[in-house]
Every structure is written in C-alpha cells, then in structure tokens.
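Enquirer: My structure is below; once you've seen it, I'll send some questions.
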Amino acid sequence: MIDEAASSECQFQTNDADRRWVEYVLAHKWIMSDSRAPMAVTLGGRNDIAIGAYHTTLQALIAARPNASVDALFEFCLTHDAWKILPLKLYRPLVYYAAFGTDDIFGCLRAAIVSLLEFGRWDHEIGILTRTEDLVKVNTAVADLNLGNRLHIVTVPGADILDWCLARYRIDAVEIVATHQPILYLDVDVICDAPLDDLCLQLTHSRTIEVLPEGRLDEGDPDSSGHWFGWRLMAADGLDFDPLERGFSSGILGVANKKIAAQAFSAILRSAYHHSEQVGDRHRFAGYDQPFAGYVLKKLRLTSSDLLPAIAQFCRVDPATMPLPMPVRPSGLVHFNGIVGDASAKRRAMEHYLAALYARRKRGVAHAQGSGQDNGETP
C-alpha cells in the first residue's frame, strides 16, 4: 500500500486511479525477458521503486499507468535511468482442470492436484470447471488439501461427454482466467512429477498456444476415421496439410494469457457444436473436442511445440494392465492418456505412479540425511 506520507511528500499528488495502479503493481510478481524467477516491485523511502537490480521513481511508475483497466493488465513498460525502457510481464500463474462424471474421474482429479502441490510445488491458484451436479464430488476430492481462496470452482454446461470435453475451452466463463498469466490447462489424468516454474516463466513470453505433439494427422492410415487429430475436418474444409505431420493432444494446453486463446477457444466451441448439429450426432468423433481443436488451431496457425516436449510425456493406459511409468528423472508432466471415459484404469496408474514418487522422495531424503546433504524434494 502507498502510505499517505509517501504520497503527499512526492513531487506530485496521486489520484485514486494512480493509487490503484501502484497498489496493483506492488501486489503482484513480474518478470523480464531474461528472468529466472519472478520479482516483486517494492516502494522504498518516499519515491524509490525497485525491481531486481533496477531502480526508478514513483513518478515513473505512475507515468506507465495504462488507460485500460489494470485488473486485466498483462504487461507494461517502466522507464529507469530517465529514459531506458524496462518491459515487465505479470507473473500470476493459473492451472485449471475440467472434471465431470464418475467417482474415478474425481479420484484422478485428486491425484492430479496432489501431485501438482507436492511435486510441482505449486503455490499459485487452481481452477476447476464442473457441472452443478458434480459440485459435491469436486469439493470432496479437494476438501483436505487446504487450498483456501486459491481454489476456484466454476460450473459450466455438462449434459454429456461432448460438453465435458469442450469445457476446457470455456475460458469466458472463468473470471480468473482474465486476470492471470500464464495459464495452463491439464486433463485430470495428468500427473505433475517435477516443479513447473521454468515452464511458467517461458509460457509467459509465448505468443501461441503451446501443445504436446502426439500421433500423425492421418493416424497411420490414409483411410482412417480422423477421430483424433482433425484431418477429416481439415480435408472437408479444403485446408492444405501434410497427413504425415504430427497432431497434438488437447490434454495439456498452455497459453500466456486469455487474449491469446480467447478467439481460438471460442471458434473450437462453435465449430464442434455446429458440426454436431449438422450431422445430428454429438458422438461422431471418439476424440470429441480434440479433432476440432486440431482443425481450428491448424487453420489459425496458432500452435507451437517449443515448450511442452521438454517437460511432458505420454503414458498410454491399457485398461487390461496397470502401466508403471518410471521416468529416469521426472521432468514435469505425465499424461496418462487412453480411451476417453476409461477413468478407472487411469486412476489406478496415476495413484501407483504417485505412490512411487513419494517413495522416491523418501529414499532421496534418507540418502541425503545419511550423506549429510540436502537434496530437497527431488524424487
């Protein structure tokens, strides 16, 4: 907060808009293009503004106030040393999920969030999209995780699996999406096995929707149904594409902020629903939302795979087995993908891997204590 003395003794008088702006900047973390960690902006003395190794004045900060509402401000330029420019981006990460349906889905949700907190070291906010009928299940799944006001539960349409799968694109229904940066969507069958700080720092600077490549667009057969990556939709629209090009999973989607994703996500929703109305079938594609995401984002040329492959991997879940994915060294995210709706097998695999992560961490702590070293949380 700006105290009255600091305000009155400056070479100018702040008004309410200036005061709200300065308080907003001081209340949040910010990063620069080369930041290795988010930084706080601090007010020292009567007129000194500091961020990292840089110093400027309260007047310079107020002069940088945008005309638009500060509540959805993602970046601004501060001057220092009179004329030098310091571009700053808001660092206020959000992870969100969409959960509907069976008890096993909410078992997956719980495992996913526990892993995010324990091994992702996530101390930021978390959103969960669900339907009114499933609110009790959501609250039960997270009741003992002490999330407090960091947790945001939002209800959206959820009549069937198509609605459930498309819920991730309803960012207009989630008020906090408009005020956070970066934003990471995770399916409930994604386990976090390492901190996500570096990803979030990089994601803040991305100008695209970051995705994780999966199989070939033609699904390995030029006569395939196009259930997963949207090539049938691309062909029907006359879109130029290489069938050997890789499609992507919609189970992990990263964006810097809502402005980048809003138009594309709205188009995915409209394309999917209008297509289902035209063909009279809400279950035409086994991938439900994913072929429409592949088609729309391909046409908009809005995807990038620059960031996620380095920290995310797939673990294919066979309903008849319990896979035991044990990465040599956890890198960030493991997506237990498989048949849409087959939550029981995914839950078993996720819970097994989560138990293995705890066991690894315990062994690591015991080893560190025995050798007189401290290796922290690394599993």
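The way I read the labels, and the way they are meant: chains A, B, ... in the order of the structure tokens, residue 1 as the first residue of every chain, and ligand 1 as the first ligand shown, with later ones counted on from there.
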Given only C-alpha atoms, how would the per-residue table for stretch 161-192 of chain A near stretch 59-75 of chain A read, listing every residue at most 9 Å away with its closest atom pair and distance in Å to one decimal, sorted by chain and number, as a tab-separated table?
Expert:
```
residue	atom	partner	partner_atom	distance
A:Ala178	CA	A:Ala72	CA	6.0
A:Thr179	CA	A:Ala72	CA	4.8
A:His180	CA	A:Ala72	CA	7.8
A:Gln181	CA	A:Phe74	CA	6.9
```
Enquirer: Could you please take those selected residues and save C-alpha atoms as a CSV table (one decimal), in the first residue's frame?
Expert:
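As written to disk, result24.csv reads:
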```
chain,number,residue,atom,x,y,z
A,178,ALA,CA,-8.9,-12.9,-17.5
A,179,THR,CA,-6.6,-11.7,-14.7
A,180,HIS,CA,-3.9,-14.4,-14.7
A,181,GLN,CA,-0.8,-15.1,-16.7
```
Enquirer: Using DSSP assignments from the backbone, pull out every residue in stretch 231-378 of chain A that falls under strand (DSSP E) and give it to me as number ranges by chain.
Expert: A: 246-255, 303-304, 312-314, 333-335
Enquirer: How would the residues just chosen look if you wrote them out with C-alpha atoms as a short mmCIF file (atom, residue, chain, number, x, y, z; two decimals), in the first residue's frame?
Expert:
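Result file result.cif:
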```cif
data_model
loop_
_atom_site.label_atom_id
_atom_site.label_comp_id
_atom_site.auth_asym_id
_atom_site.auth_seq_id
_atom_site.Cartn_x
_atom_site.Cartn_y
_atom_site.Cartn_z
CA ARG A 246 2.03 -34.79 -36.18
CA GLY A 247 -1.18 -33.86 -34.47
CA PHE A 248 -1.36 -32.86 -30.82
CA SER A 249 -3.11 -33.81 -27.62
CA SER A 250 -5.61 -31.35 -26.15
CA GLY A 251 -4.91 -32.77 -22.69
CA ILE A 252 -2.21 -30.18 -21.93
CA LEU A 253 -2.60 -26.66 -23.29
CA GLY A 254 -0.50 -23.69 -22.28
CA VAL A 255 -1.02 -20.02 -23.09
CA THR A 303 0.12 -23.73 -32.09
CA SER A 304 3.70 -24.27 -31.02
CA ALA A 312 5.82 -33.54 -20.71
CA GLN A 313 5.39 -37.14 -21.83
CA PHE A 314 2.63 -39.64 -22.52
CA LEU A 333 4.14 -33.76 -16.54
CA VAL A 334 3.00 -37.29 -17.37
CA HIS A 335 -0.25 -37.64 -19.31
#
```
Enquirer: Suppose you want the space between atom CA of A:Pro309 and atom CA of A:Glu175; what is it in Å?
Expert: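 According to the coordinates, atom CA of A:Pro309 and atom CA of A:Glu175 are separated by 29.3 Å.
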Enquirer: Please run DSSP on the backbone and report, as a count of residues only, all residues within stretch 91-231 of chain A that come out as helix (DSSP H, G or I).
Expert: 59
Enquirer: Could you jot down the atom CA of A:Arg19 to atom CA of A:Cys77 separation for me, Å, one decimal place?
Expert: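 Computing it gives 17.7 Å between the two atoms.
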Enquirer: Name the residues in contact with A:Asp198 at a cut-off of 9 Å, using only C-alpha atoms, excluding same-chain residues fewer than 5 positions from it; report them as a PyMOL selection string.
Expert: chain A and resi 36-37+203
Enquirer: Take the residues just selected and output them with N, CA and C atoms as a compact mmCIF listing (two decimals), in the first residue's frame.
Expert:
```
# COMPACT_ATOMS: atom_id res chain seq x y z
N ARG A 36 14.91 -15.38 -14.35
CA ARG A 36 14.99 -16.77 -13.90
C ARG A 36 14.02 -17.03 -12.76
N ALA A 37 13.43 -15.97 -12.26
CA ALA A 37 12.45 -16.09 -11.18
C ALA A 37 11.60 -14.83 -11.19
N LEU A 203 6.35 -19.80 -20.61
CA LEU A 203 4.99 -19.69 -21.15
C LEU A 203 4.50 -18.25 -21.13
```
Enquirer: Got a sec: who's within 8 Å of A:Ala267, counting only C-alpha atoms, leaving out chain neighbours fewer than 4 positions off, as number ranges by chain?
Expert: A: 263, 271, 296
Enquirer: Could you tell me which of A:Ile31, A:Ala99, A:Ala111, A:Leu117 comes closest to A:Thr132 if we count only C-alpha atoms?
Expert: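 Distance minimum relative to A:Thr132 lands on A:Ala99.
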Enquirer: I'd like to know which of A:Pro319, A:Gly107, A:Gly148, A:Gly158 is closest to A:Asp342, using only C-alpha atoms.
Expert: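 When distances to A:Asp342 are compared using only C-alpha atoms, the smallest one comes from A:Pro319.
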